[in-house]
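Visitor: Take this structure, written in structure tokens, and hold onto it; I'll ask about it next.
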Amino acid sequence: MTIKEEIQQLKVARNALILAHNYQPGEIQDVADIVGDSLELAVKAKEAEEPVLVVCGVRFMAETAKLLSPEKTVLLPVPDAGCPLSDFLTPEMIHEAREKYPGAAVVVYVNSSAEVKAAADITCTSANAADVVKSLDADMILFGPDANLASFVQGQVQEKRIIPLPAEGHCYVHTAFTEDQIREAKAKGWRVVCHPECPPGIQSDSDLIASTGGMVQHACDCDEWFICTERDMGYRLRKLHPNRHFHVDPNAICKDMKKTTIEDLLRTLRDGVYEVVIPDEIAVPARKAVEAMIGIRR
Ligand code: 13P
Ligand code: SF4
């Protein structure tokens, strides 16, 4: 039996659903039941009928699934698959900022710990960040941890003041793209799409700014794309649209997203590891913030 066959067999035996983020290695995407962006994975986790969810991605994605499906067993194949962006924001920073800006609402990107979500009013993803901010009564929004996403939202929601928390929060994968890369891509006649975690200069030079799910939705707009995001997004898009061309930067690698191997996934299904557990005192307020986002949808 091949490893893929073994995974399929164990998945059925355990009544498990495999969810994978768009940045996962191709072999993981190939065996997953659902491949999507952070919001799509969160919604599917909530709607799933299976009692076991295996989240192939990074920790905040598995924690979000657990918050939305507390009765299910949520497994993360590699327990130290994290997100360096999420480490920029702590609950203490939120408490201090709330004192400094009374009356401001706190919106945190799902790329954050459960503790940070517990200190927030509502969460957002890159797919719904502007809609989440527009839905709030407050005119002042404390937004973290991604300062580039905050800047993107400020452009979309000019009637409110968005304060990035902290000012320097960023993703090392998305801030590595350069304006030269965009110029070269455009000189070749390619259309450029960037993720809103890219810096403002890259955002303004791009033809489109989109979440990874948005990139899937817009893939048919053009035949040749330059994709400013993690390189395995190219795998996802090429599989969906084999006749189109999706150019990526081969060095745009999220190291944590690449930690999960097919062997890890097999072990997870075989041994039931590693279960995501969030203590109630954090899970209850964090769930409120994530449920508030799901109530808004896109
Ligand atoms: P998406 O929600 O757009 O998939 O983004 C998640 C992420 O981690 C981007 O770096
Ligand atoms: Fe975090 Fe960046 Fe990796 Fe996305 S690409 S999971 S923001 S480190």
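Chains: A, B, ... in order of the structure tokens. Residues: from 1 per chain. Ligands: from 1, in order shown.
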Could you find all residues in segment 5-243 of chain A that DSSP calls strand (DSSP E) from the backbone, and write them as an NGL selection string?

Guide: :A and (16-21 or 34-36 or 52-56 or 73-75 or 105-109 or 122-124 or 140-144 or 161-164 or 191-194 or 208-209 or 224-228)

Visitor: Dump the neighbourhood of ligand 1 as a PyMOL selection string: all residues within 9 Å, distances computed on only C-alpha atoms and all ligand atoms.

Guide: chain A and resi 21-23+36-41+57-58+61+83+85+110-111+125-127+171+173-174+195-197+210-215+229-230+254+257

Visitor: Kindly export the residues of the current selection with C-alpha atoms, as a PDB file, in the first residue's frame.

Guide:
ATOM      1  CA  HIS A  21      -3.876  25.661   3.752  1.00  0.00           C
ATOM      2  CA  ASN A  22      -3.013  26.874   0.239  1.00  0.00           C
ATOM      3  CA  TYR A  23       0.691  27.117   1.271  1.00  0.00           C
ATOM      4  CA  GLY A  36      -8.262  26.886   1.176  1.00  0.00           C
ATOM      5  CA  ASP A  37      -7.407  30.200   2.779  1.00  0.00           C
ATOM      6  CA  SER A  38      -7.678  30.881   6.516  1.00  0.00           C
ATOM      7  CA  LEU A  39     -11.328  31.929   6.339  1.00  0.00           C
ATOM      8  CA  GLU A  40     -12.366  28.990   4.157  1.00  0.00           C
ATOM      9  CA  LEU A  41     -10.642  26.549   6.515  1.00  0.00           C
ATOM     10  CA  GLY A  57      -1.028  24.371   8.250  1.00  0.00           C
ATOM     11  CA  VAL A  58       0.250  26.325  11.223  1.00  0.00           C
ATOM     12  CA  MET A  61      -5.211  27.666  11.968  1.00  0.00           C
ATOM     13  CA  CYS A  83       3.641  31.798  12.473  1.00  0.00           C
ATOM     14  CA  LEU A  85       3.931  37.155  12.318  1.00  0.00           C
ATOM     15  CA  VAL A 110      -6.441  35.242  12.817  1.00  0.00           C
ATOM     16  CA  ASN A 111      -2.651  34.966  12.508  1.00  0.00           C
ATOM     17  CA  THR A 125      -8.677  37.204   7.956  1.00  0.00           C
ATOM     18  CA  SER A 126      -7.119  38.763   4.878  1.00  0.00           C
ATOM     19  CA  ALA A 127     -10.329  37.906   2.988  1.00  0.00           C
ATOM     20  CA  CYS A 171       5.453  38.514   7.758  1.00  0.00           C
ATOM     21  CA  VAL A 173       7.837  36.006   3.507  1.00  0.00           C
ATOM     22  CA  HIS A 174       5.644  38.827   2.195  1.00  0.00           C
ATOM     23  CA  HIS A 195      -1.256  39.339  -0.662  1.00  0.00           C
ATOM     24  CA  PRO A 196      -2.191  42.250   1.653  1.00  0.00           C
ATOM     25  CA  GLU A 197       0.655  41.205   3.977  1.00  0.00           C
ATOM     26  CA  ALA A 210      -6.107  39.440  -2.547  1.00  0.00           C
ATOM     27  CA  SER A 211      -6.183  36.762   0.113  1.00  0.00           C
ATOM     28  CA  THR A 212      -5.024  33.375  -1.111  1.00  0.00           C
ATOM     29  CA  GLY A 213      -8.699  32.447  -1.582  1.00  0.00           C
ATOM     30  CA  GLY A 214      -9.148  35.657  -3.591  1.00  0.00           C
ATOM     31  CA  MET A 215      -6.239  34.594  -5.804  1.00  0.00           C
ATOM     32  CA  THR A 229       2.856  35.240  -1.854  1.00  0.00           C
ATOM     33  CA  GLU A 230       4.202  31.903  -0.624  1.00  0.00           C
ATOM     34  CA  CYS A 254       7.158  29.974   4.751  1.00  0.00           C
ATOM     35  CA  MET A 257       4.199  25.821   6.435  1.00  0.00           C
TER      36      MET A 257
END

Visitor: Write out as a list in words which residues come within 12 Å of Asp33 of chain A when counting only C-alpha atoms, dropping same-chain ones fewer than 5 positions away.

Guide: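 Once the nearby chain positions are removed, what remains is Ile7, Gln8, Lys11, Val12, Ala16, Leu17, Ile18, Leu19, Ala20, His21, Ile28, Leu41, Lys44, Ala45, Ala48, Glu50, Leu53, Val54, Val55 and Cys56 of chain A.
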
Visitor: For the residues selected in the previous step, produce a file with all heavy atoms as a compact mmCIF listing (two decimals), in the first residue's frame.

Guide:
# COMPACT_ATOMS: atom_id res chain seq x y z
N ILE A 7 -3.09 6.74 4.15
CA ILE A 7 -3.73 7.95 4.70
C ILE A 7 -5.24 7.90 4.42
O ILE A 7 -6.06 8.16 5.31
CB ILE A 7 -3.07 9.23 4.09
CG1 ILE A 7 -1.71 9.44 4.77
CG2 ILE A 7 -3.95 10.46 4.28
CD1 ILE A 7 -0.86 10.51 4.16
N GLN A 8 -5.61 7.55 3.20
CA GLN A 8 -7.04 7.48 2.85
C GLN A 8 -7.76 6.46 3.74
O GLN A 8 -8.86 6.73 4.24
CB GLN A 8 -7.23 7.09 1.37
CG GLN A 8 -6.83 8.17 0.38
CD GLN A 8 -7.50 9.51 0.62
OE1 GLN A 8 -8.64 9.59 1.08
NE2 GLN A 8 -6.79 10.60 0.35
N LYS A 11 -8.00 7.73 7.34
CA LYS A 11 -8.93 8.86 7.40
C LYS A 11 -10.37 8.36 7.50
O LYS A 11 -11.16 8.85 8.31
CB LYS A 11 -8.74 9.69 6.12
CG LYS A 11 -9.41 11.03 6.16
CD LYS A 11 -9.31 11.72 4.84
CE LYS A 11 -10.31 11.10 3.88
NZ LYS A 11 -10.39 11.80 2.61
N VAL A 12 -10.69 7.35 6.72
CA VAL A 12 -12.04 6.77 6.75
C VAL A 12 -12.27 6.07 8.09
O VAL A 12 -13.30 6.26 8.75
CB VAL A 12 -12.24 5.80 5.56
CG1 VAL A 12 -13.57 5.07 5.66
CG2 VAL A 12 -12.14 6.56 4.24
N ALA A 16 -12.18 11.17 9.88
CA ALA A 16 -11.47 12.45 9.99
C ALA A 16 -11.59 13.25 8.69
O ALA A 16 -11.77 12.67 7.61
CB ALA A 16 -10.00 12.19 10.29
N LEU A 17 -11.51 14.57 8.83
CA LEU A 17 -11.49 15.46 7.67
C LEU A 17 -10.11 16.13 7.65
O LEU A 17 -9.66 16.64 8.67
CB LEU A 17 -12.59 16.52 7.82
CG LEU A 17 -12.77 17.47 6.64
CD1 LEU A 17 -13.49 16.76 5.48
CD2 LEU A 17 -13.57 18.71 7.04
N ILE A 18 -9.48 16.11 6.49
CA ILE A 18 -8.15 16.74 6.37
C ILE A 18 -8.30 18.11 5.71
O ILE A 18 -8.79 18.21 4.57
CB ILE A 18 -7.18 15.86 5.55
CG1 ILE A 18 -7.05 14.46 6.18
CG2 ILE A 18 -5.81 16.53 5.43
CD1 ILE A 18 -6.21 13.48 5.38
N LEU A 19 -7.91 19.14 6.45
CA LEU A 19 -7.97 20.51 5.94
C LEU A 19 -6.54 20.99 5.71
O LEU A 19 -5.68 20.81 6.59
CB LEU A 19 -8.64 21.42 6.97
CG LEU A 19 -10.06 21.03 7.37
CD1 LEU A 19 -10.21 21.04 8.87
CD2 LEU A 19 -11.08 21.96 6.74
N ALA A 20 -6.27 21.56 4.56
CA ALA A 20 -4.90 22.04 4.29
C ALA A 20 -4.94 23.48 3.78
O ALA A 20 -5.80 23.85 2.98
CB ALA A 20 -4.22 21.15 3.25
N HIS A 21 -3.97 24.28 4.25
CA HIS A 21 -3.88 25.66 3.75
C HIS A 21 -3.24 25.66 2.37
O HIS A 21 -2.49 24.75 2.01
CB HIS A 21 -3.06 26.53 4.73
CG HIS A 21 -3.06 27.97 4.32
ND1 HIS A 21 -2.03 28.54 3.62
CD2 HIS A 21 -4.01 28.93 4.48
CE1 HIS A 21 -2.33 29.82 3.38
NE2 HIS A 21 -3.53 30.08 3.89
N ILE A 28 0.73 17.32 0.34
CA ILE A 28 -0.29 17.44 1.38
C ILE A 28 -1.59 17.95 0.75
O ILE A 28 -2.69 17.45 1.02
CB ILE A 28 0.16 18.40 2.51
CG1 ILE A 28 1.45 17.92 3.16
CG2 ILE A 28 -0.95 18.61 3.54
CD1 ILE A 28 1.32 16.78 4.14
N LEU A 41 -10.93 27.67 5.61
CA LEU A 41 -10.64 26.55 6.51
C LEU A 41 -11.44 26.69 7.81
O LEU A 41 -11.98 25.71 8.34
CB LEU A 41 -9.14 26.46 6.82
CG LEU A 41 -8.21 26.18 5.64
CD1 LEU A 41 -6.77 26.01 6.12
CD2 LEU A 41 -8.63 24.95 4.84
N LYS A 44 -15.12 25.83 7.06
CA LYS A 44 -15.28 24.38 6.84
C LYS A 44 -15.12 23.62 8.15
O LYS A 44 -15.82 22.63 8.39
CB LYS A 44 -14.25 23.86 5.83
CG LYS A 44 -14.45 24.41 4.44
CD LYS A 44 -15.67 23.82 3.77
CE LYS A 44 -15.82 24.38 2.37
NZ LYS A 44 -17.09 24.07 1.73
N ALA A 45 -14.21 24.07 9.00
CA ALA A 45 -14.02 23.39 10.29
C ALA A 45 -15.30 23.48 11.11
O ALA A 45 -15.72 22.51 11.75
CB ALA A 45 -12.86 24.04 11.05
N ALA A 48 -18.04 21.16 9.42
CA ALA A 48 -17.72 19.73 9.21
C ALA A 48 -18.56 18.81 10.08
O ALA A 48 -18.86 19.14 11.24
CB ALA A 48 -16.24 19.50 9.49
N GLU A 50 -17.53 15.54 10.45
CA GLU A 50 -16.57 14.57 10.99
C GLU A 50 -16.16 14.98 12.41
O GLU A 50 -15.95 16.16 12.67
CB GLU A 50 -15.31 14.50 10.11
CG GLU A 50 -15.54 13.88 8.75
CD GLU A 50 -16.16 14.84 7.72
OE1 GLU A 50 -16.49 15.99 8.08
OE2 GLU A 50 -16.29 14.42 6.57
N LEU A 53 -10.76 16.58 13.10
CA LEU A 53 -10.25 17.49 12.07
C LEU A 53 -8.72 17.48 12.12
O LEU A 53 -8.15 17.69 13.20
CB LEU A 53 -10.73 18.93 12.32
CG LEU A 53 -12.24 19.16 12.43
CD1 LEU A 53 -12.52 20.64 12.71
CD2 LEU A 53 -12.95 18.72 11.15
N VAL A 54 -8.10 17.22 10.99
CA VAL A 54 -6.64 17.31 10.92
C VAL A 54 -6.32 18.58 10.15
O VAL A 54 -6.72 18.72 8.99
CB VAL A 54 -6.02 16.08 10.20
CG1 VAL A 54 -4.51 16.23 10.12
CG2 VAL A 54 -6.41 14.79 10.91
N VAL A 55 -5.64 19.52 10.82
CA VAL A 55 -5.36 20.79 10.18
C VAL A 55 -3.89 20.83 9.75
O VAL A 55 -2.98 20.89 10.59
CB VAL A 55 -5.69 21.98 11.12
CG1 VAL A 55 -5.37 23.31 10.44
CG2 VAL A 55 -7.16 21.93 11.53
N CYS A 56 -3.68 20.77 8.44
CA CYS A 56 -2.32 20.85 7.90
C CYS A 56 -2.07 22.32 7.56
O CYS A 56 -2.60 22.84 6.57
CB CYS A 56 -2.19 19.99 6.65
SG CYS A 56 -2.48 18.25 7.00

Visitor: Excluding same-chain residues fewer than 2 positions from segment 153-165 of chain A, what lies within 7 Å of it counting only C-alpha atoms, as a PDB file with N, CA and C atoms, in the first residue's frame?

Guide:
ATOM      1  N   ALA A 129     -11.051  41.393   6.157  1.00  0.00           N
ATOM      2  CA  ALA A 129     -10.589  42.406   7.115  1.00  0.00           C
ATOM      3  C   ALA A 129     -11.343  43.733   6.972  1.00  0.00           C
ATOM      4  N   ALA A 130     -11.519  44.213   5.751  1.00  0.00           N
ATOM      5  CA  ALA A 130     -12.204  45.502   5.562  1.00  0.00           C
ATOM      6  C   ALA A 130     -13.673  45.386   5.982  1.00  0.00           C
ATOM      7  N   LYS A 134     -15.506  47.598   8.842  1.00  0.00           N
ATOM      8  CA  LYS A 134     -16.700  48.407   8.490  1.00  0.00           C
ATOM      9  C   LYS A 134     -17.887  48.046   9.379  1.00  0.00           C
ATOM     10  N   ASP A 139     -15.021  54.295  15.705  1.00  0.00           N
ATOM     11  CA  ASP A 139     -14.322  55.016  14.628  1.00  0.00           C
ATOM     12  C   ASP A 139     -12.816  54.792  14.696  1.00  0.00           C
ATOM     13  N   MET A 140     -12.370  54.320  15.853  1.00  0.00           N
ATOM     14  CA  MET A 140     -10.934  54.069  16.010  1.00  0.00           C
ATOM     15  C   MET A 140     -10.737  52.562  16.208  1.00  0.00           C
ATOM     16  N   ILE A 141      -9.815  51.995  15.431  1.00  0.00           N
ATOM     17  CA  ILE A 141      -9.617  50.534  15.453  1.00  0.00           C
ATOM     18  C   ILE A 141      -8.149  50.228  15.755  1.00  0.00           C
ATOM     19  N   LEU A 142      -7.947  49.457  16.792  1.00  0.00           N
ATOM     20  CA  LEU A 142      -6.598  48.931  17.061  1.00  0.00           C
ATOM     21  C   LEU A 142      -6.507  47.626  16.282  1.00  0.00           C
ATOM     22  N   PHE A 143      -5.521  47.516  15.394  1.00  0.00           N
ATOM     23  CA  PHE A 143      -5.489  46.402  14.444  1.00  0.00           C
ATOM     24  C   PHE A 143      -4.111  45.741  14.466  1.00  0.00           C
ATOM     25  N   GLY A 144      -4.062  44.430  14.738  1.00  0.00           N
ATOM     26  CA  GLY A 144      -2.761  43.768  14.753  1.00  0.00           C
ATOM     27  C   GLY A 144      -2.877  42.292  14.434  1.00  0.00           C
ATOM     28  N   PRO A 145      -1.768  41.566  14.265  1.00  0.00           N
ATOM     29  CA  PRO A 145      -0.412  42.104  14.350  1.00  0.00           C
ATOM     30  C   PRO A 145       0.190  42.537  13.007  1.00  0.00           C
ATOM     31  N   ALA A 147       0.982  45.031  10.236  1.00  0.00           N
ATOM     32  CA  ALA A 147       0.881  46.463   9.935  1.00  0.00           C
ATOM     33  C   ALA A 147       0.579  46.701   8.451  1.00  0.00           C
ATOM     34  N   LEU A 149      -1.317  44.693   6.495  1.00  0.00           N
ATOM     35  CA  LEU A 149      -2.759  44.443   6.344  1.00  0.00           C
ATOM     36  C   LEU A 149      -3.535  45.629   6.924  1.00  0.00           C
ATOM     37  N   ALA A 150      -3.032  46.187   8.038  1.00  0.00           N
ATOM     38  CA  ALA A 150      -3.683  47.362   8.642  1.00  0.00           C
ATOM     39  C   ALA A 150      -3.699  48.510   7.640  1.00  0.00           C
ATOM     40  N   SER A 151      -2.598  48.705   6.945  1.00  0.00           N
ATOM     41  CA  SER A 151      -2.503  49.789   5.962  1.00  0.00           C
ATOM     42  C   SER A 151      -3.459  49.533   4.785  1.00  0.00           C
ATOM     43  N   ALA A 167       3.431  48.694  15.465  1.00  0.00           N
ATOM     44  CA  ALA A 167       3.681  49.387  14.189  1.00  0.00           C
ATOM     45  C   ALA A 167       4.548  48.545  13.257  1.00  0.00           C
TER      46      ALA A 167
END

Visitor: Name the closest residue to Gln24 of chain A among the candidates A:Asp232, A:Glu275, A:Asp264, A:Asp131; distances are taken between atoms, counting only C-alpha atoms.

Guide: A:Asp232

Visitor: Quick check, in Å to one decimal: how far apart do atom 4 (Fe, counted along the ligand's line) of ligand 2 and atom CA of Ile94 of chain A lie?

Guide: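 A separation of 21.3 Å between them.
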
Visitor: As number ranges by chain, please: the residues near Leu266 of chain A (cut-off 9 Å, only C-alpha atoms, same-chain neighbours under 5 positions excluded).

Guide: A: 3-4, 6-7, 10, 77, 261, 271

Visitor: Filtering to N, CA, C and O atoms, could you give me those residues as a tab-separated table (two decimals), in the first residue's frame?

Guide:
chain	number	residue	atom	x	y	z
A	3	ILE	N	1.75	5.30	0.76
A	3	ILE	CA	1.48	6.14	1.93
A	3	ILE	C	0.16	6.91	1.73
A	3	ILE	O	-0.62	7.10	2.67
A	4	LYS	N	-0.11	7.30	0.50
A	4	LYS	CA	-1.36	8.01	0.21
A	4	LYS	C	-2.56	7.11	0.45
A	4	LYS	O	-3.58	7.54	1.00
A	6	GLU	N	-2.62	4.57	2.49
A	6	GLU	CA	-2.70	4.36	3.94
A	6	GLU	C	-3.42	5.54	4.61
A	6	GLU	O	-4.24	5.36	5.52
A	7	ILE	N	-3.09	6.74	4.15
A	7	ILE	CA	-3.73	7.95	4.70
A	7	ILE	C	-5.24	7.90	4.42
A	7	ILE	O	-6.06	8.16	5.31
A	10	LEU	N	-6.88	5.28	6.76
A	10	LEU	CA	-6.94	5.72	8.16
A	10	LEU	C	-7.94	6.86	8.34
A	10	LEU	O	-8.64	6.95	9.35
A	77	PRO	N	-0.52	18.16	12.86
A	77	PRO	CA	0.53	17.14	12.67
A	77	PRO	C	1.90	17.52	13.24
A	77	PRO	O	2.62	16.65	13.72
A	261	THR	N	5.07	17.09	6.73
A	261	THR	CA	5.34	16.16	5.63
A	261	THR	C	4.22	15.13	5.56
A	261	THR	O	3.42	15.00	6.50
A	271	ASP	N	-1.74	7.79	15.07
A	271	ASP	CA	-1.54	7.87	16.52
A	271	ASP	C	-2.44	8.92	17.21
A	271	ASP	O	-2.37	9.07	18.43

Visitor: Determine the nearest neighbour of ligand 2 from the options A:Glu63, A:Asp146, A:Glu99, A:Asp280, counting only C-alpha atoms and all ligand atoms.

Guide: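 Smallest separation from ligand 2 among the options: A:Asp146.
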
Visitor: Could you pull out all residues of segment 148-250 of chain A with a DSSP call of alpha helix (DSSP H) and give them as an mmCIF file with C-alpha atoms, in the first residue's frame?

Guide:
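Here's the written file selection-v7.cif:
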data_model
loop_
_atom_site.group_PDB
_atom_site.id
_atom_site.type_symbol
_atom_site.label_atom_id
_atom_site.label_comp_id
_atom_site.auth_asym_id
_atom_site.auth_seq_id
_atom_site.Cartn_x
_atom_site.Cartn_y
_atom_site.Cartn_z
ATOM 1 C CA ASN A 148 0.705 45.974 6.147
ATOM 2 C CA LEU A 149 -2.759 44.443 6.344
ATOM 3 C CA ALA A 150 -3.683 47.362 8.642
ATOM 4 C CA SER A 151 -2.503 49.789 5.962
ATOM 5 C CA PHE A 152 -4.509 47.917 3.302
ATOM 6 C CA VAL A 153 -7.635 48.120 5.483
ATOM 7 C CA GLN A 154 -7.040 51.845 6.097
ATOM 8 C CA GLY A 155 -7.127 52.357 2.318
ATOM 9 C CA GLN A 156 -10.423 50.473 2.087
ATOM 10 C CA GLU A 179 9.410 46.652 -6.500
ATOM 11 C CA ASP A 180 11.979 45.462 -9.081
ATOM 12 C CA GLN A 181 10.299 42.042 -9.169
ATOM 13 C CA ILE A 182 6.972 43.696 -9.926
ATOM 14 C CA ARG A 183 8.483 45.916 -12.626
ATOM 15 C CA GLU A 184 10.116 42.902 -14.292
ATOM 16 C CA ALA A 185 6.898 40.887 -14.165
ATOM 17 C CA LYS A 186 4.905 43.743 -15.664
ATOM 18 C CA ALA A 187 7.537 44.255 -18.393
ATOM 19 C CA PRO A 200 2.294 49.291 0.769
ATOM 20 C CA GLY A 201 4.743 49.906 -2.138
ATOM 21 C CA ILE A 202 4.164 46.366 -3.440
ATOM 22 C CA GLN A 203 0.420 46.697 -2.909
ATOM 23 C CA SER A 204 0.211 49.942 -4.894
ATOM 24 C CA ASP A 205 2.297 48.526 -7.774
ATOM 25 C CA THR A 212 -5.024 33.375 -1.111
ATOM 26 C CA GLY A 213 -8.699 32.447 -1.582
ATOM 27 C CA GLY A 214 -9.148 35.657 -3.591
ATOM 28 C CA MET A 215 -6.239 34.594 -5.804
ATOM 29 C CA VAL A 216 -8.094 31.361 -6.575
ATOM 30 C CA GLN A 217 -11.258 33.314 -7.388
ATOM 31 C CA HIS A 218 -9.467 35.700 -9.766
ATOM 32 C CA ASP A 232 3.168 26.777 -3.025
ATOM 33 C CA MET A 233 0.218 28.998 -3.839
ATOM 34 C CA GLY A 234 1.522 28.418 -7.373
ATOM 35 C CA TYR A 235 1.044 24.659 -6.935
ATOM 36 C CA ARG A 236 -2.564 25.204 -5.897
ATOM 37 C CA LEU A 237 -3.328 27.535 -8.815
ATOM 38 C CA ARG A 238 -1.574 25.384 -11.444
ATOM 39 C CA LYS A 239 -3.515 22.348 -10.311
ATOM 40 C CA LEU A 240 -6.795 24.212 -10.626
#

Visitor: Do you know which residues are at most 8 Å from Tyr172 of chain A counting only C-alpha atoms, after dropping those on the same chain fewer than 3 positions away, and could you put them as an MDAnalysis selection string?

Guide: chainID A and resid 84:85 175:176

Visitor: Could you give me, as a PDB file with C-alpha atoms, in the first residue's frame, the residues within 8 Å of Pro285 of chain A, counting only C-alpha atoms and dropping anything in the same chain fewer than 3 positions from it?

Guide:
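Dumped to out.pdb:
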ATOM      1  CA  LYS A 117      -7.816  36.495  20.295  1.00  0.00           C
ATOM      2  CA  ALA A 118      -9.198  36.292  23.833  1.00  0.00           C
ATOM      3  CA  ALA A 119      -8.130  39.915  24.408  1.00  0.00           C
ATOM      4  CA  GLU A 281     -10.542  30.752  30.352  1.00  0.00           C
ATOM      5  CA  ILE A 282      -8.868  31.530  27.006  1.00  0.00           C
ATOM      6  CA  LYS A 288     -16.490  34.966  21.012  1.00  0.00           C
ATOM      7  CA  ALA A 289     -14.048  36.987  18.885  1.00  0.00           C
TER       8      ALA A 289
END

Visitor: Which one is closest to ligand 2: A:Ala62, A:Ala219, A:Ala120, A:Met1? Count only C-alpha atoms and all ligand atoms.

Guide: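 Of A:Ala62, A:Ala219, A:Ala120, A:Met1, the one nearest ligand 2 is A:Ala62, counting only C-alpha atoms and all ligand atoms.
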
Visitor: Using only C-alpha atoms and all ligand atoms, can you tell me which of A:Ala138, A:Val284, A:Ala81, A:Leu89 comes closest to ligand 2?

Guide: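 Looking only at the distances to ligand 2, the closest residue turns out to be A:Ala81.
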
Visitor: I'd like the interatomic distance between atom CA of His95 of chain A and atom CA of Cys124 of chain A, to a tenth of an Å.

Guide: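 Between atom CA of His95 of chain A and atom CA of Cys124 of chain A the gap works out to 18.9 Å.
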
Visitor: What is the atom CA of Pro70 of chain A-atom CA of Ala283 of chain A distance in Å, reported with one decimal?

Guide: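 Taking atom CA of Pro70 of chain A and atom CA of Ala283 of chain A, their separation equals 8.8 Å.
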